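Have a look at the structure below before the remarks.
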Amino acid sequence: MAEPVKKETAVDATPGVTDVIKKDASTTTEVEALLDVQVDRGEPILQVRNLVKHFPLTQGILFRKQIGAVKAVDGVSFDLYQGETLGIVGESGCGKSTVAKLLMTLEKATAGEVFYKGQDITKLSGRALKAVRRNIQMVFQDPYTSLNPRMTVGDIIGEPYEIHPEVAPKGDRRRKVQELLDVVGLNPEYINRYPHQFSGGQRQRIGIARGLALNPEIIICDEPVSALDVSVQAQVINLMAKLQDEFNLSYIFIAHDLSIVRHISDRVGVMYLGKIAEIGSDEEIYEHPTHPYTQALLSAVPVPDPAAREHRERIILTGDVPSPANPPSGCRFRTRCWKAEERCSTEMPLLAIPERFRGQDTPAAHESACHFAEEKDVVGAA
Amino acid sequence: MTTIEKTAGVPAPRSESDSTPLLEVRDLHVEFHTRDGIAKAVNGVNYTVSAGETLAVLGESGSGKSVTAQAIMGILDMPPGRIPQGEILFRGQDMLKMSGEERRKIRGQKIAMIFQDALSSLNPVLSVGYQLGEMFRVHQGASRKEAKAKAIELMDKVKIPAASARVNDYPHQFSGGMRQRIMIAMALALEPDLIIADEPTTALDVTVQAQVMDLLAELQREYQMGLILITHDLGVVADVADKIAVMYAGRIVETAPVHELYKRPAHPYTRGLLDSIPRLDQKGQELYAIKGLPPNLLKVPAGCAFNPRCPKADDICRTDAPALHQVTERDGSELTGRGSACHFWKETIHG
C-alpha cells in the first residue's frame with residue numbers, strides 16, 4: 001500500500017538532537033540480547049528520525065486508484081531520554097495520536113525510523129518485534145471503551161501474560177495481577193469485578209495497571225486524563241508521577257491540556273499539521289516560546305485567574321487547521337500566522353535553533369521551525 | 001487574518017433598574033425514577049440571572065448542572081424525570097405551571113440553548129441553512145426564501161466565511177468550531193433574552209475555544225442577553241463569568257462574584273478544585289487531589305454530600321445538611337452575592 005516517499009519532501013534536519021546510536025545485529029537472538037541491555041538514566045532510549053505516515057486517499061470501487069494522501073505525520077524527529085517525560089501537545093488532527101500508534105508499531109510507518117536501544121523497530125519482525133512491544137506499552141484516552149466489558153479486571157490486566165508468558169509463570173499470574181492492583185491504588189480483592197463496576201478514574205487505573213503488567217521501559221500515554229473529572233485528574237496524574245519514580249519509566253505524554261503537560265513533562269514538543277513546530281524543555285517552551293504557533297496556543301489557554309483577564313494579551317487565530325491532505329506549501333502555519341511573508345510560502349522552515357539565538361546562552365535558544373522566530377511575552381498556562 | 005488583541009476588562013456592573021430578574025430558579029428539585037431507585041439529580045437549587053449578566057454554573061459530571069438547564073428549557077425527559085417541587089420564574093412567571101403551548105412560545109424565542117456536541121445536535125440529513133431557517137419558519141411563519149436569506153445573515157453574524165456559498169452545506173462539511181458557530185447562530189436567531197450554553201467549548205481545541213468564547217461574549221454585549229454558562233473548566237469561567245455557582249451532588253455549594261471566588265473560596269470543595277490546578281511553583285511536587293469519588297446519586301451521603309471527601313469534615317457534617325449561609329467579612333459585614341453551604345465556611349474563608 002504505502003508508496004515510498006521522495007526524500008526531499010520529508011527531510012527535517014534537527015541538528016540539535018544527538019546522532020542516532022545504531023547497534024548492528026544480524027540475527028534475532030543478537031537483537032533480543034541488545035534489547036535486554038539497560039539504558040542509563042539521561043541516555044536516549046528512543047530516537048525517532050523523519051517519521052512519516054501518509055494514509056492513502058483512494059477513489060473507485062473496483063479499480064482503486066490513489067488520488068492523494070492524508071499526511072498525518074510528515075517528518076517528525078525527536079529523542080526520548082531514559083527516565084524523562086516528553087510531552088506532546090497540539091490541536092486535534094495534528095498527528096499526535098498517529099505518532100503514538102507508530103511508536104507502538106500499531107501502524108506501519110510510510111518512511112522514517114524509530115530506534116529503540118539502537119534497533120530500528122520499523123524494520124523488525126517476529127520474535128524481536130515482540131520483545132520490543134513488551135517494553136513499549138500504552139495507556140489509552142477513553143477508559144470506557146479501552147476495557148473489554150465482558151472480561152474481569154483480572155483477565156484484562158493478566159492478558160498481556162498470555163502473549164508474553166516468560167514474564168509471569170502461569171501459577172503466579174493471579175498474585176501478580178493483585179500486586180498491580182495494589183500498586184495503582186485499587187483494592188486487590190476487586191480482581192473478579194467487571195469494568196462497569198468502576199468509576200472513570202478507577203478504570204483509568206486499570207488501564208495503567210495493564211500497561212505496567214509487562215514491566216515496560218516506555219509508556220505512551222495518549223490523553224490519559226482528558227476523559228476524567230477535574231477532581232479525579234489530579235489523582236491519576238499523581239499516580240503516574242509516582243509510578244515513574246518507582247519503576248524508572250520513560251513517558252511520552254500526549255495531551256491537549258497545556259497546564260497538565262507542563263506539570264508532568266521535562267521536555268515538551270508542539271506539533272502542528274504533522275510536524276513538530278517547536279521542542280524544548282518545559283521552561284523554554286512555556287516561558288520563552290519562539291514559534292508563533294506556540295505563542296498563540298499558550299495565549300489562548302484560559303487562565304484560572306479572573307484578575308488576569310483585564311491585562312492579558314490574547315492571540316486569536318482565525319480559521320481552522322488546514323486539511324492534512326493538502327497542507328500549505330512552505331511553512332504549514334503560514335495561513336494562520338500574523339508574521340507570514342513571501343518566504344514562508346516557498347521555503348519550509350527547518351526545526352533548528354534559530355540563527356539569531358545560536359550560540360547564545362538564553363532559554364530562547366531551542367529548536368523552533370520558524371523563519372522569524374523571536375520571543376514574545378505571552379501569559380500562558382501557568 | 002489573525003488578530004492580536006488585549007482582552008476587554010470586566011464590564012462595569014449594570015444598574016439593577018427593574019427588580020424582577022430575568023430568570024429566577026427557586027428551590028428546584030429534579031429526580032429520576034430508575035429501576036434501582038430514585039436518583040436525586042437536583043436537590044433545591046436557587047439562582048438568578050439578570051439581563052446582560054453571565055452566570056457560570058461549575059460542577060463535575062453528575063452534579064446536576066445540565067439537568068437544571070434542561071429543566072429550565074423544558075426539555076427534560078419526563079418520565080423518567082420528575083420535578084416534585086420548585087419554581088422557575090421567567091420575568092416573574094412560573095414556567096412550570098404554564099401550558100405546553102405557552103412554554104413553546106418562550107422556548108427558542110425568549111430562552112435558547114447551545115449544546116455541547118454540535119455534531120450530534122444538528123440533523124445530518126438537512127442542510128445547515130434549512131435548520132437555521134426552521135427557527136423563522138416555525139416561530140415567525142416566514143417563507144422558505146425569507147428564511148434562507150435570514151439564515152445567511154445569521155451565518156455572517158457568527159463570522160462563518162462565505163456564508164451565502166455555504167448555506168446549503170451539510171453539518172459534516174463544517175469543522176468543529178464552525179459547527180459550534182452554527183449552534184450559536186441558531187440560538188441567537190430570534191434574539192432571545194437568555195441563552196443557556198451547556199459546555200459550549202468542551203469538544204473544541206483551545207485556539208478554537210478562544211474564538212468561540214470571544215464571539216459569544218461579543219454577541220452577548222450586543223444584545224444585552226443573560227447567559228448561563230455551564231462548564232467544568234475553571235479557566236473558561238475566570239475569563240467570562242460575572243458570578244459563579246458551584247454545584248456538587250445536585251446542590252449549590254457556593255455562590256460568589258468571579259473575583260471573590262478565586263481569591264477566597266468559602267467551601268472546601270471549591271478550594272480543592274482550585275488547588276488541584278497545576279501551578280508553576282509546584283512543578284515536580286505532588287498535585288493536590290480531592291480524595292475519593294463524586295457520590296452516587298442513588299445514595300447521596302447523609303448530611304453534607306461532600307463529607308466523605310472533605311478534609312474538614314466533623315460529626316455535624318455527617319448528620320446535618322448545611323444550608324447556603326450568607327458569607328460575611330471577619331467583622332460581620334455582608335459580602336454581597338456570596339454564599340457557602342458549609343458548616344465551617346468561616347474557617348474556610350478566613351483561614
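Just so we're on the same page: first chain in the C-alpha cells is A, next is B, and so on; residues restart at 1 for each chain, and ligands are numbered from 1 in the order they show up.
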Excluding Val253 in chain B and residues on its chain fewer than 3 positions from it, collect all residues at most 10 Å away from it, counting only C-alpha atoms, and give them as a ChimeraX atom specification. /B:45,59,245-250,266-270,304-306,322-325,339-342
List the spatial neighbours of Thr346 in chain A as an MDAnalysis selection string - criterion: any atom at most 9 Å away, only C-alpha atoms, same-chain residues fewer than 3 positions off excluded. chainID A and resid 329:331 342:343
Residue list for chain A near chain B as a VMD selection string, 7 Å, only C-alpha atoms: chain A and resid 91 to 92 229 to 231 234 to 235 238 259 to 260 263 297 300 to 307 309 to 318 336 to 338 382
For the selection you just gave me, I'd like the residues written to a file as a short mmCIF file (atom, residue, chain, number, x, y, z; two decimals), in the first residue's frame, keeping C-alpha atoms.
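part_30.cif, freshly written:
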```
data_model
loop_
_atom_site.label_atom_id
_atom_site.label_comp_id
_atom_site.auth_asym_id
_atom_site.auth_seq_id
_atom_site.Cartn_x
_atom_site.Cartn_y
_atom_site.Cartn_z
CA GLU A 91 -4.68 20.62 18.32
CA SER A 92 -6.80 17.70 17.21
CA ASP A 229 -13.48 14.68 36.03
CA VAL A 230 -11.40 17.61 37.23
CA SER A 231 -11.18 16.40 40.81
CA ALA A 234 -5.08 15.18 39.84
CA GLN A 235 -5.26 11.72 41.44
CA ASN A 238 -0.06 11.92 40.91
CA SER A 259 -1.13 23.11 32.15
CA ILE A 260 -1.15 19.40 32.91
CA HIS A 263 3.23 19.91 35.31
CA LEU A 297 -1.61 28.27 21.67
CA ALA A 300 -5.45 31.01 24.04
CA VAL A 301 -5.47 28.88 27.18
CA PRO A 302 -7.92 30.34 29.67
CA VAL A 303 -6.10 31.24 32.86
CA PRO A 304 -7.96 30.32 36.05
CA ASP A 305 -7.45 33.77 37.49
CA PRO A 306 -10.10 36.41 36.83
CA ALA A 307 -7.64 39.20 37.60
CA ARG A 309 -8.46 38.91 32.07
CA GLU A 310 -8.03 42.66 32.22
CA HIS A 311 -4.45 42.88 31.07
CA ARG A 312 -3.92 39.60 29.29
CA GLU A 313 -2.91 39.76 25.67
CA ARG A 314 -4.50 37.10 23.57
CA ILE A 315 -3.60 35.98 20.13
CA ILE A 316 -6.75 34.74 18.49
CA LEU A 317 -6.03 32.63 15.46
CA THR A 318 -8.56 32.87 12.71
CA ARG A 336 -2.92 31.45 10.11
CA CYS A 337 0.27 33.27 11.05
CA TRP A 338 0.38 37.03 11.50
CA ALA A 382 0.56 28.56 34.48
#
```
Non-local contacts of Glu113 in chain A (9 Å; only C-alpha atoms; under 4 positions in same chain excluded) as a PyMOL selection string: chain A and resi 47-52+109+120-123
Have a look at A:Glu30, A:Glu284, A:Asp79, A:Asp155 and name the one nearest to Arg193 in chain A; count only C-alpha atoms. A:Asp155
Give the helix (DSSP H, G or I) residues of range 73-318 of chain B, as assigned by DSSP on the backbone, as a VMD selection string. chain B and resid 73 95 to 97 100 to 106 118 to 121 128 to 140 144 to 157 163 to 166 171 to 173 176 to 188 206 to 223 234 to 240 258 to 263 268 to 275 280 to 282 307 to 309 315 to 318
Restricting to only C-alpha atoms, whichever of B:Arg137, B:Gln180, B:Ile38, B:Glu199 is closest to Lys65 in chain B is B:Glu199
